[in-house]
Structures are given as C-alpha cells and as structure tokens.
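The structure under discussion appears below in the form of structure tokens.
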Amino acid sequence: MNSPHTIAVLGLGRMGDTIATRLAAEGWDVVGWTRSGRPASGAARTAADPQEAVAQADFVLLALFDGPACRRVLEAVRGSLRTETIVLNTSTIAPAEAAELARQFGASYVHAPVLGSVPAAATGTLQVLAAADRDTFDRARPVLEALGTVRHVDGDAATAASLKLIANSSLAGAVLALRDALRQSDALGLPRAQALDVLELGQLGRLVARKRPFLTAASDATTTTGTGTATATATAATAEFTVGALAKDMALLAGASGAPLRSAAELAELAGPAADPESDIAVAAATVPAVPDDVLAPLRAYVRGHATGDPAHFRDAFLPTAHVEGIRDGAFVSWPLDAYCALFSGGPAPDEPARSRRIDSVDVHGTVATATMTLSHGADTFTDVFLLVRADDGWRIANKAYHRRPAPPHPQVGGRGSEGFAE
C-alpha cells in the first residue's frame, strides 16, 4: 500500500480490533475508538472519543454490533467528518437500516459487510460485500482489499445487507444441524470424538474442522459438569463468532423478509437467559441440552394411546379442555377430548406391528411448546401438530391439529384397523 491515508476504526470488539490490527500491519495509519474505552491491540492508536478518531480520517470504518449502534455513532461524529471522508460500514445490520444510512451519507457511504470471523480478518481472507457507486468503490477498494476479497455488489446498500444476512442464515442452519447431529449422537451413546471424526468427513466437515477445539472443550465440560455453562464461560474470551451475534442476525433476517425462519427462534433460545450469549456458536451447538423428559411425557402418552387403543393414555396426554382438529371425509372437524377418546376401541389395531410413530420436532418457549409428529398408520400417514402448555400438574397437550394423506405405496400388513386410528 502506497497511500498514507488515515483510517478510523470505530468499534474495537473481536472483529473491530482484529480489523484495526490487520490494517495497521498493512501499512495504514489506524486510529481506533470503542465505547468501553478499551485500548486497541496491535499497532492501532486509540482515541478518547469518536469525534477525535474521525477528525483527520480519510476513511471511517464501522465494526459495531447492530444498526442502532451504527446510527448513534454516526450521529455523534457526523459534524466531525471531513467532506472527502468515506464511511465504510462492515457491521451486520438490517437492510432498511443500511438503506437509511446510505440515504443520509450519500456517495460517501459504502455498505461493506464481511463474510468470515476473527481468523479470516486476521489473515486478510474475509469476503467483503461492498455496495457503493463506482467512484467511491474505487477509492475504498485498497482499504477493503487489505481485509480480503472484495465483491462489488450489483445493487444498493440494502442489497448488500440482505446478502450478508442470507449468508449467515446458511451458517445458522449448519450450526443447528451440527447441534441436532450431536444430540442424536449422545442419545445413541456414541463417543463425542468418534462422532466428530465422522461428521468431519461429511457436509458439515468444514465447520467441524474449524470449530473442533470448541466442540471438544464443550464435550469435556458436559462430561464433567453435566451442563455447558462452564465451557461457555471459559471460552467467551476466545469466541470467534458468538451465538448472541448469530441470533441477532437471524432475528434481523426474519424481520426483514417477513417469512418464517425457524433458526431465528431456535438461536434466540440458545442465546437466552439460561445460556451465555457470548459463547462461540460451536459451544452452543455442542452443549445444548436435550428436550426435557417432562415436555416429552404427554407426547409419549399420546403414542401409547395409539399403540394400545386405550383412551386413558390420551386423557393423560391432553388437557381436559383440549380439541383435536382436522379434515375428515372432506369436512372440518373439531373434537373435544371426550369425543376424540370415543373413537378408540380399547385395543390395538390389527396391523399395529406394522405401524410406526416418531416425534419430529419439539420447540420449548418457556411455559409453552410446539411439537410435530409423524404417524404411519397402514394406508394413511398423519402429520400431527401440537400446542403444549405447562399446567399445574406438568406439561399437557392443549390442542392438536392433524393432516392426513395416503401413505406411499408399500406392502401392507392387515387393514386400516379400528376407526380411532384413521382419524
């Protein structure tokens, strides 16, 4: 780099501090500022306030947690920016927030969220998604190329922000898939190291290889303490990308798209009060507890009711006020519990040995939960959707809705069985 330009890095958290150090190592004159007042490591100078940091800066690089933080900091420094100063925003924020900042700062604003975490920032191997007009982009390119590979986004600031959230959505999916794989591995009694060895060979291989130290440490803590709390605390200082940050990003994506996004709710639970939101995403995936048995108890009672035909099991599973709803013979039905129980004869269906049931998902949100189950009953397959609540005497099913469809063709054993098993 031949230019002596000064870069002000505002926000010296994990990423911001690493970016400042990287830019200084590449020969830029870097001055840093963070709200906590924590000094920058590496070669960056630290300013007492953001106005001081930007006063002589040719570029102002934001590495802040969210949109409100970006807005507050830019409002504070706006009067101190020089006319020719370019604002480079690497923060992950909502598309609407990015569009508003671009509107306020015009051609001086580059929205440049990055793909990659602390190790990639340290080595200059980030993927940078930069939205700006061509002249501003060309001026900013040398700074951004010091951080990694730069892609000029075909679109505006909102487009770049959207693309970053979509990229993080794929990461969230991988983290949750890893969590589910490890949960199932634990349920099967497999050694964690053996499971990780095999997972590293498959589609999650890159994530497992990159996060192996966190995953191994989490496994050790779980074995020792029975929870992930100790590991989450121990690794907070070295976390590369926190579960709290990823949960924030998925909440932004769900809000911006207006489309259902299951990972937003699941990550919010992982970053909730019972967890450490500052733990690395891998720790959260490796130490998440199994669904509590008391939540599963009414679902298991429901399964026993179908397996035996004994309506007493359904009365154990459901609240007395529960309803079962769906389409039967082309018409909507809504059975109260007594009417539903009357459908069962008290004995198993003739083809019960060939039938199967599985719990597909359970999502617990404090005192309520949702669950889905698949029932393969002879010629029919049912998808059951449950709403559960924690009542005075424990968890119970408040309501059930079902969808019935023909099972895929395969050899059948016996007929459809008793009326109650073909809702």
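Residue numbers start at 1 in each chain; chains themselves are named A, B, ... in the order of the structure tokens; ligands are numbered from 1 in the order shown.
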
**Who sits within 8 Å of Phe241 (chain A), only C-alpha atoms, same chain under 2 positions skipped, as a ChimeraX atom specification** = /A:117-118,239,243,245-246,280-281

With C-alpha atoms retained, write the just-selected residues as a short mmCIF file (atom, residue, chain, number, x, y, z; two decimals), in the first residue's frame.
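Everything below was put into selection01.cif:
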```cif
data_model
loop_
_atom_site.label_atom_id
_atom_site.label_comp_id
_atom_site.auth_asym_id
_atom_site.auth_seq_id
_atom_site.Cartn_x
_atom_site.Cartn_y
_atom_site.Cartn_z
CA SER A 117 -14.90 -14.23 11.51
CA VAL A 118 -11.84 -13.29 13.55
CA ALA A 239 -15.03 -16.90 20.84
CA VAL A 243 -24.28 -17.27 19.44
CA ALA A 245 -24.49 -12.24 17.39
CA LEU A 246 -25.82 -15.01 15.16
CA ASP A 280 -18.89 -19.30 20.44
CA ILE A 281 -21.54 -20.71 18.12
#
```

**Request:** List the neighbours of His365 (chain A) out to 9 Å using only C-alpha atoms; skip same-chain residues closer than 4 positions along the sequence, and give me the result as a list in words.
**Result:** Ala265, Glu269, Ala369 and Thr370 of chain A

Please write the residues from the selection above to a file, keeping C-alpha atoms, as a short mmCIF file (atom, residue, chain, number, x, y, z; two decimals), in the first residue's frame.
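New file selection_14.cif:
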```cif
data_model
loop_
_atom_site.label_atom_id
_atom_site.label_comp_id
_atom_site.auth_asym_id
_atom_site.auth_seq_id
_atom_site.Cartn_x
_atom_site.Cartn_y
_atom_site.Cartn_z
CA ALA A 265 -36.41 -18.79 17.23
CA GLU A 269 -33.39 -19.89 22.74
CA ALA A 369 -44.08 -25.61 23.43
CA THR A 370 -44.89 -26.79 19.93
#
```

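Straight-line separation from CA of Leu319 (chain A) to CA of Ala331 (chain A): 24.6 Å.
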
**Nearby residues (only C-alpha atoms) at most 10 Å from Ser169 (chain A), same-chain spacing under 5 positions excluded, as a ChimeraX atom specification** = /A:163-164,174-175,246-247,249-250,253-254,261,263-264

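Each of A:Ala181, A:Ile327, A:Cys341, A:Leu171 was checked against Leu267 (chain A) using only C-alpha atoms; the smallest atom-to-atom distance is that of A:Leu171.
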
At most 9 Å is the cut-off: for each residue in region 85-159 of chain A with any atom that close to an atom of region 14-20 of chain A, write down the nearest atom pair and the distance in Å rounded to one decimal, counting only C-alpha atoms, chain first then increasing number, as CSV.
```
residue,atom,partner,partner_atom,distance
A:Ser117,CA,A:Met15,CA,7.0
A:Val118,CA,A:Met15,CA,5.6
A:Pro119,CA,A:Thr18,CA,8.5
A:Ala121,CA,A:Ile19,CA,5.9
A:Ala122,CA,A:Thr18,CA,5.8
A:Gly124,CA,A:Ile19,CA,8.6
A:Leu147,CA,A:Ile19,CA,7.3
```

Output all heavy atoms for every residue in that selection, as a tab-separated table (two decimals), in the first residue's frame.
```tsv
chain	number	residue	atom	x	y	z
A	117	SER	N	-14.99	-14.70	10.13
A	117	SER	CA	-14.90	-14.23	11.51
A	117	SER	C	-13.47	-13.81	11.83
A	117	SER	O	-12.69	-13.47	10.93
A	117	SER	CB	-15.39	-15.32	12.48
A	117	SER	OG	-14.67	-16.52	12.30
A	118	VAL	N	-13.11	-13.85	13.10
A	118	VAL	CA	-11.84	-13.29	13.55
A	118	VAL	C	-10.63	-13.88	12.83
A	118	VAL	O	-9.75	-13.13	12.38
A	118	VAL	CB	-11.72	-13.45	15.08
A	118	VAL	CG1	-10.34	-13.05	15.56
A	118	VAL	CG2	-12.79	-12.60	15.78
A	119	PRO	N	-10.50	-15.19	12.68
A	119	PRO	CA	-9.31	-15.72	11.99
A	119	PRO	C	-9.16	-15.19	10.57
A	119	PRO	O	-8.04	-14.88	10.13
A	119	PRO	CB	-9.54	-17.23	12.00
A	119	PRO	CG	-10.43	-17.47	13.18
A	119	PRO	CD	-11.34	-16.30	13.21
A	121	ALA	N	-10.31	-12.33	9.41
A	121	ALA	CA	-9.92	-10.92	9.49
A	121	ALA	C	-8.44	-10.78	9.78
A	121	ALA	O	-7.76	-9.90	9.23
A	121	ALA	CB	-10.75	-10.21	10.57
A	122	ALA	N	-7.91	-11.64	10.62
A	122	ALA	CA	-6.50	-11.57	10.98
A	122	ALA	C	-5.59	-11.88	9.80
A	122	ALA	O	-4.49	-11.32	9.69
A	122	ALA	CB	-6.21	-12.52	12.13
A	124	GLY	N	-6.51	-11.55	6.55
A	124	GLY	CA	-6.88	-10.84	5.34
A	124	GLY	C	-7.59	-11.71	4.33
A	124	GLY	O	-7.43	-11.52	3.12
A	147	LEU	N	-8.36	-6.38	3.68
A	147	LEU	CA	-9.09	-7.30	4.56
A	147	LEU	C	-9.45	-8.61	3.88
A	147	LEU	O	-9.75	-9.59	4.57
A	147	LEU	CB	-10.38	-6.62	5.06
A	147	LEU	CG	-10.20	-5.30	5.81
A	147	LEU	CD1	-11.55	-4.72	6.17
A	147	LEU	CD2	-9.33	-5.50	7.04
```

**Request:** May I have the residues within 12 Å of Gly106 (chain A) as a ChimeraX atom specification, using only C-alpha atoms and disregarding those fewer than 2 positions away in the same chain?
**Result:** /A:83-87,98-104,108-111,131-133,136,156-157

**Request:** For Gly347 (chain A), list every protein, DNA or RNA residue within 10 Å, evaluated using only C-alpha atoms, and leave out those in the same chain fewer than 5 positions away; present the list as number ranges by chain.
**Result:** A: 305-311, 352, 418

Expected file: the selected residues, N, CA, C and O atoms, as a PDB file, in the first residue's frame:
```pdb
ATOM      1  N   GLY A 305     -51.332 -44.194  23.625  1.00  0.00           N
ATOM      2  CA  GLY A 305     -52.752 -44.271  23.323  1.00  0.00           C
ATOM      3  C   GLY A 305     -53.003 -44.877  21.962  1.00  0.00           C
ATOM      4  O   GLY A 305     -53.886 -45.727  21.792  1.00  0.00           O
ATOM      5  N   HIS A 306     -52.255 -44.470  20.961  1.00  0.00           N
ATOM      6  CA  HIS A 306     -52.403 -45.049  19.631  1.00  0.00           C
ATOM      7  C   HIS A 306     -51.951 -46.506  19.598  1.00  0.00           C
ATOM      8  O   HIS A 306     -52.573 -47.346  18.922  1.00  0.00           O
ATOM      9  N   ALA A 307     -50.876 -46.808  20.305  1.00  0.00           N
ATOM     10  CA  ALA A 307     -50.344 -48.171  20.255  1.00  0.00           C
ATOM     11  C   ALA A 307     -51.276 -49.173  20.920  1.00  0.00           C
ATOM     12  O   ALA A 307     -51.373 -50.329  20.488  1.00  0.00           O
ATOM     13  N   THR A 308     -51.977 -48.748  21.963  1.00  0.00           N
ATOM     14  CA  THR A 308     -52.822 -49.669  22.730  1.00  0.00           C
ATOM     15  C   THR A 308     -54.302 -49.511  22.442  1.00  0.00           C
ATOM     16  O   THR A 308     -55.093 -50.421  22.732  1.00  0.00           O
ATOM     17  N   GLY A 309     -54.707 -48.364  21.905  1.00  0.00           N
ATOM     18  CA  GLY A 309     -56.128 -48.093  21.725  1.00  0.00           C
ATOM     19  C   GLY A 309     -56.832 -47.748  23.016  1.00  0.00           C
ATOM     20  O   GLY A 309     -58.063 -47.617  23.040  1.00  0.00           O
ATOM     21  N   ASP A 310     -56.093 -47.566  24.105  1.00  0.00           N
ATOM     22  CA  ASP A 310     -56.670 -47.268  25.419  1.00  0.00           C
ATOM     23  C   ASP A 310     -56.793 -45.754  25.570  1.00  0.00           C
ATOM     24  O   ASP A 310     -55.776 -45.040  25.660  1.00  0.00           O
ATOM     25  N   PRO A 311     -58.010 -45.201  25.620  1.00  0.00           N
ATOM     26  CA  PRO A 311     -58.168 -43.750  25.695  1.00  0.00           C
ATOM     27  C   PRO A 311     -57.649 -43.139  26.989  1.00  0.00           C
ATOM     28  O   PRO A 311     -57.470 -41.916  27.056  1.00  0.00           O
ATOM     29  N   GLU A 352     -51.109 -53.201  14.075  1.00  0.00           N
ATOM     30  CA  GLU A 352     -50.253 -52.396  14.935  1.00  0.00           C
ATOM     31  C   GLU A 352     -48.766 -52.721  14.788  1.00  0.00           C
ATOM     32  O   GLU A 352     -47.929 -51.810  14.781  1.00  0.00           O
ATOM     33  N   SER A 418     -58.929 -50.123  13.633  1.00  0.00           N
ATOM     34  CA  SER A 418     -60.066 -49.509  14.299  1.00  0.00           C
ATOM     35  C   SER A 418     -60.238 -48.068  13.846  1.00  0.00           C
ATOM     36  O   SER A 418     -59.286 -47.398  13.457  1.00  0.00           O
TER      37      SER A 418
END
```

Which residues of region 330-390 of chain A come within 8 Å of region 287-304 of chain A, and what is each one's closest atom pair and distance in Å (one decimal), counting only C-alpha atoms, sorted by chain and residue number, as a Markdown table?
```
| residue | atom | partner | partner_atom | distance |
| --- | --- | --- | --- | --- |
| A:Arg357 | CA | A:Val303 | CA | 7.1 |
| A:Ile359 | CA | A:Leu299 | CA | 8.0 |
| A:Val362 | CA | A:Val291 | CA | 7.3 |
| A:Val364 | CA | A:Val291 | CA | 7.9 |
```

**Asked** Which residues, written as number ranges by chain, have at least one atom at most 8 Å from region 372-377 of chain A, with only C-alpha atoms counted and residues fewer than 2 positions away on the same chain left out?
**Response** A: 354-362, 370, 379-386, 407, 416, 421-422

**Prompt:** Where in region 14-186 of chain A does DSSP assign strand (DSSP E or B), given as a PyMOL selection string?
**Reply:** chain A and resi 29-33+45-46+59-62+86-89+109-111+114-115+126-131+148-152

**Request:** Enter the distance from CA of Thr159 (chain A) to CA of Pro95 (chain A), in Å, rounded to one decimal.
**Result:**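 Answer for the CA of Thr159 (chain A) to CA of Pro95 (chain A) separation: 6.9 Å.
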
**Message:** as JSON, numbers by chain, please: every residue in region 149-276 of chain A that a backbone DSSP assignment puts in alpha helix (DSSP H).
**Reply:** {"A": [157, 158, 159, 160, 161, 162, 163, 164, 165, 166, 167, 168, 169, 170, 171, 172, 173, 174, 175, 176, 177, 178, 179, 180, 181, 182, 183, 184, 185, 186, 187, 192, 193, 194, 195, 196, 197, 198, 199, 205, 206, 207, 208, 209, 210, 211, 212, 213, 214, 215, 216, 217, 218, 219, 220, 221, 222, 223, 224, 225, 229, 230, 231, 232, 233, 234, 235, 243, 244, 245, 246, 247, 248, 249, 250, 251, 252, 253, 254, 255, 256, 257, 262, 263, 264, 265, 266, 267, 268, 269, 270]}

**Asked** Which is closest to Ala40 (chain A) among A:Gly13, A:Gly116, A:Gly155, A:Gly330, if we use only C-alpha atoms?
**Response** A:Gly13

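For the choices A:Ala284, A:Val60, A:Ala172, A:Ala69, the atom-to-atom distance to Ala140 (chain A) is smallest for A:Val60 when using only C-alpha atoms.
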